>>> print(open('input_2.txt').read())   # compact mmCIF, C-alpha atoms
# COMPACT_ATOMS: atom_id res chain seq x y z
CA GLY A 17 129.33 -173.02 98.72
CA PRO A 18 125.53 -173.03 98.92
CA ALA A 19 124.92 -176.37 97.15
CA VAL A 20 124.33 -179.63 99.00
CA ARG A 21 127.44 -181.10 97.38
CA GLN A 22 129.62 -178.15 98.37
CA ARG A 23 130.29 -179.51 101.85
CA LEU A 24 133.23 -181.17 103.53
CA ASP A 25 134.12 -183.26 106.57
CA ILE A 26 137.18 -182.77 108.76
CA TYR A 27 139.08 -185.56 110.50
CA ARG A 28 141.69 -184.47 112.99
CA PRO A 29 144.19 -186.41 115.07
CA ARG A 30 143.34 -187.30 118.63
CA ALA A 31 146.07 -185.84 120.84
CA ALA A 32 148.09 -188.53 122.56
CA ALA A 33 148.67 -188.13 126.30
CA GLY A 34 151.90 -186.28 126.94
CA SER A 35 152.49 -185.53 123.25
CA THR A 36 153.91 -182.21 122.10
CA PRO A 37 151.96 -180.47 119.31
CA ARG A 38 153.92 -179.92 116.10
CA PRO A 39 155.13 -176.34 115.64
CA GLY A 40 152.74 -174.64 113.24
CA GLY A 41 150.25 -177.49 113.43
CA ALA A 42 149.79 -180.92 111.85
CA PRO A 43 150.11 -181.65 108.12
CA VAL A 44 146.87 -181.29 106.17
CA VAL A 45 145.43 -183.33 103.29
CA VAL A 46 142.45 -182.30 101.17
CA PHE A 47 141.01 -185.48 99.67
CA PHE A 48 138.88 -185.75 96.53
CA TYR A 49 137.25 -189.14 95.88
CA GLY A 50 136.83 -190.88 92.54
CA GLY A 51 133.74 -192.19 90.78
CA SER A 52 134.00 -191.07 87.16
CA TRP A 53 132.81 -187.56 88.16
CA SER A 54 129.28 -188.98 88.42
CA SER A 55 129.15 -190.87 91.73
CA GLY A 56 130.53 -190.91 95.26
CA ASP A 57 130.14 -188.87 98.42
CA ARG A 58 132.37 -187.84 101.27
CA GLY A 59 130.80 -190.28 103.74
CA MET A 60 132.00 -193.25 101.68
CA TYR A 61 135.61 -192.28 102.40
CA ARG A 62 135.46 -192.03 106.17
CA PHE A 63 138.03 -194.83 106.22
CA VAL A 64 140.54 -192.53 104.50
CA GLY A 65 139.93 -189.70 106.95
CA GLU A 66 140.30 -192.04 109.90
CA ALA A 67 143.45 -193.67 108.51
CA LEU A 68 145.24 -190.36 107.93
CA ALA A 69 144.04 -188.68 111.13
CA ALA A 70 145.30 -191.67 113.12
CA ARG A 71 148.73 -190.96 111.61
CA GLY A 72 148.70 -187.33 112.72
CA ILE A 73 147.27 -185.68 109.58
CA VAL A 74 144.31 -183.29 109.56
CA THR A 75 142.19 -184.60 106.69
CA VAL A 76 139.48 -182.75 104.78
CA ILE A 77 137.22 -184.88 102.59
CA ALA A 78 135.28 -182.68 100.20
CA ASP A 79 132.20 -183.36 98.16
CA TYR A 80 131.90 -181.71 94.76
CA ARG A 81 129.10 -181.44 92.24
CA LEU A 82 128.79 -184.35 89.84
CA TYR A 83 127.48 -185.11 86.35
CA PRO A 84 124.74 -184.74 85.15
CA ALA A 85 124.20 -181.69 87.38
CA VAL A 86 127.50 -180.24 86.14
CA ARG A 87 130.25 -180.99 83.64
CA TYR A 88 133.91 -180.03 83.31
CA PRO A 89 135.16 -177.67 84.69
CA ASP A 90 132.55 -176.99 87.40
CA PHE A 91 133.74 -179.78 89.69
CA LEU A 92 137.28 -178.35 89.58
CA GLN A 93 135.93 -175.01 90.74
CA ASP A 94 134.28 -176.77 93.68
CA CYS A 95 137.52 -178.53 94.55
CA ALA A 96 139.44 -175.26 94.44
CA ARG A 97 136.93 -173.66 96.78
CA ALA A 98 137.38 -176.56 99.21
CA VAL A 99 141.14 -175.97 99.17
CA ALA A 100 140.69 -172.25 99.79
CA TRP A 101 138.36 -172.96 102.71
CA THR A 102 140.92 -175.36 104.17
CA VAL A 103 143.77 -172.86 103.89
CA GLN A 104 141.63 -170.29 105.70
CA HIS A 105 140.43 -172.62 108.46
CA ALA A 106 143.09 -175.33 108.89
CA ALA A 107 144.62 -173.72 111.95
CA GLN A 108 141.26 -173.90 113.78
CA PHE A 109 141.48 -177.69 113.55
CA GLY A 110 145.15 -177.99 114.49
CA GLY A 111 146.42 -178.02 110.91
CA ASN A 112 149.31 -176.18 109.28
CA PRO A 113 148.15 -174.52 106.03
CA ARG A 114 151.80 -174.32 104.90
CA GLN A 115 151.91 -178.12 104.95
CA LEU A 116 148.85 -178.82 102.84
CA SER A 117 148.73 -181.56 100.21
CA LEU A 118 146.01 -182.54 97.74
CA MET A 119 145.10 -186.18 97.27
CA GLY A 120 142.72 -188.34 95.30
CA PRO A 121 142.21 -191.75 93.72
CA SER A 122 141.03 -192.25 90.13
CA ALA A 123 138.85 -189.27 89.09
CA GLY A 124 139.83 -187.62 92.38
CA ALA A 125 143.47 -187.93 91.34
CA TYR A 126 142.59 -186.07 88.15
CA ASN A 127 141.00 -183.31 90.23
CA ALA A 128 144.05 -183.06 92.49
CA ALA A 129 146.38 -183.07 89.48
CA MET A 130 144.52 -180.29 87.72
CA LEU A 131 144.56 -178.08 90.80
CA ALA A 132 148.26 -178.76 91.36
CA LEU A 133 149.43 -178.41 87.75
CA ASP A 134 146.97 -176.06 86.01
CA PRO A 135 147.23 -172.63 87.67
CA ARG A 136 143.75 -171.49 86.63
CA TRP A 137 141.79 -173.16 89.40
CA LEU A 138 143.77 -172.09 92.47
CA HIS A 139 144.34 -168.61 91.05
CA ALA A 140 140.57 -168.17 90.90
CA VAL A 141 140.40 -168.56 94.71
CA GLY A 142 143.44 -166.45 95.48
CA LEU A 143 145.98 -169.26 95.75
CA HIS A 144 148.98 -170.53 93.79
CA ARG A 145 150.36 -174.01 93.34
CA THR A 146 153.40 -172.92 95.36
CA ASP A 147 150.99 -172.75 98.31
CA LEU A 148 150.85 -176.55 98.17
CA ALA A 149 153.29 -178.82 99.97
CA GLY A 150 152.56 -181.46 97.33
CA TRP A 151 149.91 -183.61 95.73
CA ILE A 152 149.15 -187.34 95.66
CA GLY A 153 147.54 -189.15 92.74
CA LEU A 154 146.52 -192.80 93.06
CA ALA A 155 145.48 -194.69 89.91
CA GLY A 156 144.67 -191.41 88.24
CA PRO A 157 143.75 -190.63 84.62
CA TYR A 158 146.02 -187.84 83.42
CA ASP A 159 146.04 -188.35 79.63
CA PHE A 160 142.86 -190.03 78.39
CA LEU A 161 141.69 -188.32 75.21
CA PRO A 162 139.84 -189.42 73.17
CA ILE A 163 137.49 -190.77 75.82
CA THR A 164 136.22 -194.27 75.14
CA ASP A 165 134.10 -194.69 78.28
CA ARG A 166 130.60 -193.67 77.24
CA ALA A 167 129.66 -192.76 80.80
CA VAL A 168 132.54 -190.26 80.97
CA GLN A 169 132.25 -188.80 77.45
CA PRO A 170 129.55 -186.22 78.26
CA VAL A 171 131.42 -185.06 81.38
CA PHE A 172 134.12 -183.64 79.08
CA HIS A 173 131.79 -182.50 76.27
CA ASP A 174 132.78 -185.30 73.87
CA PRO A 175 133.65 -184.89 71.03
CA ASP A 176 134.24 -181.16 71.58
CA TYR A 177 136.85 -181.50 74.29
CA PRO A 178 137.79 -178.19 75.92
CA PRO A 179 141.40 -177.16 75.34
CA ASP A 180 143.90 -177.92 78.10
CA CYS A 181 141.63 -180.28 80.03
CA MET A 182 144.28 -182.95 80.66
CA PRO A 183 146.85 -182.74 83.49
CA ILE A 184 149.58 -183.88 81.11
CA ASP A 185 149.07 -180.57 79.21
CA PHE A 186 150.56 -178.55 82.06
CA VAL A 187 153.95 -180.21 82.40
CA GLY A 188 156.84 -178.29 80.90
CA HIS A 189 156.52 -174.95 82.61
CA GLY A 190 158.62 -175.62 85.72
CA HIS A 191 157.94 -174.73 89.38
CA LEU A 192 155.66 -177.72 89.90
CA PRO A 193 154.72 -179.08 93.35
CA ARG A 194 156.18 -182.22 94.91
CA THR A 195 154.33 -185.21 93.54
CA PHE A 196 153.49 -188.71 94.75
CA LEU A 197 152.13 -190.99 92.03
CA GLY A 198 150.92 -194.47 92.85
CA ALA A 199 149.14 -197.08 90.77
CA ALA A 200 148.39 -200.78 90.68
CA ARG A 201 150.53 -202.64 88.19
CA ALA A 202 147.43 -204.69 87.34
CA ASP A 203 145.03 -201.80 86.69
CA SER A 204 142.66 -202.76 83.88
CA LEU A 205 140.59 -199.57 84.14
CA VAL A 206 143.19 -196.77 83.96
CA ASN A 207 146.38 -197.74 82.13
CA PRO A 208 149.23 -197.12 84.60
CA GLN A 209 151.90 -196.81 81.91
CA ARG A 210 150.10 -194.20 79.82
CA ASN A 211 148.90 -192.24 82.82
CA THR A 212 150.97 -192.66 85.98
CA VAL A 213 154.37 -193.61 84.53
CA GLN A 214 154.18 -191.17 81.62
CA LEU A 215 153.23 -188.28 83.93
CA ALA A 216 156.02 -189.17 86.36
CA ASP A 217 158.59 -189.22 83.54
CA LYS A 218 157.45 -185.86 82.18
CA LEU A 219 157.36 -184.24 85.62
CA ARG A 220 160.88 -185.42 86.37
CA ALA A 221 162.10 -184.12 83.02
CA ASP A 222 160.59 -180.76 84.02
CA GLY A 223 162.55 -180.75 87.28
CA ALA A 224 159.74 -181.73 89.64
CA GLN A 225 160.37 -183.90 92.69
CA VAL A 226 158.43 -187.11 92.05
CA THR A 227 157.88 -190.27 94.06
CA LEU A 228 156.56 -193.12 91.90
CA ASP A 229 155.30 -196.41 93.32
CA LEU A 230 153.67 -199.22 91.35
CA TYR A 231 151.99 -201.77 93.61
CA THR A 232 151.46 -205.47 93.13
CA GLY A 233 148.63 -207.39 94.76
CA VAL A 234 146.05 -204.61 94.28
CA ASN A 235 143.90 -203.30 91.44
CA HIS A 236 142.25 -200.00 90.55
CA GLN A 237 139.75 -200.19 93.40
CA THR A 238 141.72 -201.98 96.12
CA LEU A 239 144.66 -199.57 95.93
CA ILE A 240 142.64 -196.92 97.79
CA GLY A 241 140.74 -199.70 99.56
CA SER A 242 143.96 -200.75 101.28
CA PHE A 243 143.74 -197.58 103.40
CA ALA A 244 140.97 -199.39 105.30
CA LEU A 245 142.16 -201.27 108.37
CA PRO A 246 141.04 -204.76 107.26
CA LEU A 247 142.80 -204.39 103.87
CA ARG A 248 146.10 -202.76 104.81
CA TRP A 249 147.92 -206.04 104.30
CA MET A 250 147.30 -205.66 100.56
CA SER A 251 149.77 -202.79 99.99
CA PRO A 252 151.99 -200.31 101.88
CA VAL A 253 150.36 -197.34 100.14
CA LEU A 254 149.11 -195.76 103.40
CA ASP A 255 152.62 -195.77 104.90
CA ASP A 256 154.06 -194.36 101.67
CA VAL A 257 151.51 -191.54 101.45
CA VAL A 258 151.89 -190.61 105.12
CA ARG A 259 155.67 -190.40 104.74
CA PHE A 260 155.30 -188.15 101.70
CA VAL A 261 152.83 -185.84 103.44
CA GLN A 262 154.86 -185.52 106.62
CA GLU A 263 157.98 -184.52 104.71
CA GLY A 264 156.31 -181.75 102.70
CA GLN A 265 156.37 -177.99 103.14
CA ALA A 266 154.99 -175.31 100.85
CA THR A 267 157.55 -173.12 99.10
>>> encode(input="input_2.txt", output="structure tokens")
Amino acid sequence: GPAVRQRLDIYRPRAAAGSTPRPGGAPVVVFFYGGSWSSGDRGMYRFVGEALAARGIVTVIADYRLYPAVRYPDFLQDCARAVAWTVQHAAQFGGNPRQLSLMGPSAGAYNAAMLALDPRWLHAVGLHRTDLAGWIGLAGPYDFLPITDRAVQPVFHDPDYPPDCMPIDFVGHGHLPRTFLGAARADSLVNPQRNTVQLADKLRADGAQVTLDLYTGVNHQTLIGSFALPLRWMSPVLDDVVRFVQEGQAT
């Protein structure tokens, strides 16, 4: 898009000497960062792009407009446009658009969940959730009304919450993408039982394929932080996510 925050960065694997390219191209991840929908930028998450690209995954890290410039649902529209751009251009960067997953931590996990579960956002850019190979949510908020965080309240028009603004609202209709849900057991910011575990249970009851991992030794911030090389000893989340992405294929 035309706005400063409607930009993205692409990280692609460096071809190893003598390696054979994957038929159709490498898996692709579109990554949305967290920050309560009011902070963050794509440059802060270079470590994620580098970690995934080093494992053979073309990674797109997208900015999106933030509060107070916008509120729900404008940032979801930006995220959907980033996905559409990636589908159109992935092959140019060695990626397979049929093996595209969405990923995010915290507020970014909410964004990924809404695009994967609520058909409105991808439909608006000519896509369908069946175009996704899967989605990955790390320490995400999926069921958090009423909002108690005063910084987040205006993002969702508190107290006049828009209808169907929670990912949990869209479980129960079947034909949902493969899902990887991860959270820190000791997450004091986003309750892992109410959000991650509850969503996993409901998705499974709806017939979705779900991988659920609860990690010890990390918290809300260090779960995604353990993608960075110096912190990978803290959790195996990078290995788990890479395995999930490499096994996926759009239906």
>>> residues_around(input="input_2.txt", residues="A:Val257", least_positions_apart="5", cutoff="9 Å", atoms="only C-alpha atoms", output="MDAnalysis selection string")
chainID A and resid 152 196 252 262
>>> residues_around(input="input_2.txt", residues="A:Asn127", least_positions_apart="2", cutoff="12 Å", atoms="all atoms listed in the file", output="PyMOL selection string")
chain A and resi 46-53+78-80+88-96+98-99+118-125+129-134+137-138+151-154+156-158+181-183
>>> closest_residue(input="input_2.txt", among="A:Pro135, A:Gly72, A:Gly142, A:Pro162", to="A:Phe186", atoms="only C-alpha atoms")
A:Pro135
>>> atom_distance(input="input_2.txt", atom1="atom CA of A:Val141", atom2="atom CA of A:His173")
24.7 Å
>>> atom_distance(input="input_2.txt", atom1="atom CA of A:Gln104", atom2="atom CA of A:Ala128")
18.5 Å
>>> atom_distance(input="input_2.txt", atom1="atom CA of A:Tyr83", atom2="atom CA of A:Arg62")
22.5 Å
>>> closest_atom_pairs(input="input_2.txt", of="stretch 176-264 of chain A", to="stretch 40-44 of chain A", cutoff="10 Å", atoms="all atoms listed in the file", output="Markdown table")
| residue | atom | partner | partner_atom | distance |
| --- | --- | --- | --- | --- |
| A:Val258 | CA | A:Pro43 | CA | 9.6 |
| A:Val261 | CA | A:Pro43 | CA | 6.8 |
| A:Gln262 | CA | A:Pro43 | CA | 6.3 |
| A:Glu263 | CA | A:Pro43 | CA | 9.0 |
| A:Gly264 | CA | A:Pro43 | CA | 8.2 |
>>> closest_residue(input="input_2.txt", among="A:Arg58, A:Ala100, A:Arg71, A:Ala107", to="A:Pro39", atoms="all atoms listed in the file")
A:Ala107
>>> residues_around(input="input_2.txt", residues="A:Thr164", least_positions_apart="3", cutoff="12 Å", atoms="all atoms listed in the file", output="list in words")
Phe160, Leu161, Ala167, Val168, Gln169, Pro170, Phe172, Asp174, Pro175, Leu205 and Val206 of chain A
>>> closest_residue(input="input_2.txt", among="A:Ala67, A:Ala19, A:Leu24, A:Ala31", to="A:Leu245", atoms="only C-alpha atoms")
A:Ala67
>>> closest_residue(input="input_2.txt", among="A:Tyr126, A:Tyr61, A:Arg145, A:Ile26", to="A:Gln108", atoms="all atoms listed in the file")
A:Ile26
>>> closest_residue(input="input_2.txt", among="A:Val86, A:Ala224, A:Val234, A:Val103", to="A:Leu143", atoms="all atoms listed in the file")
A:Val103
>>> closest_residue(input="input_2.txt", among="A:Asn112, A:Gln22, A:Ser117, A:Thr102", to="A:Leu82", atoms="all atoms listed in the file")
A:Gln22
>>> residues_around(input="input_2.txt", residues="A:Asp222", least_positions_apart="2", cutoff="7 Å", atoms="all atoms listed in the file", output="list in words")
Val187, Gly188, Gly190, Lys218, Leu219, Arg220 and Ala224 of chain A
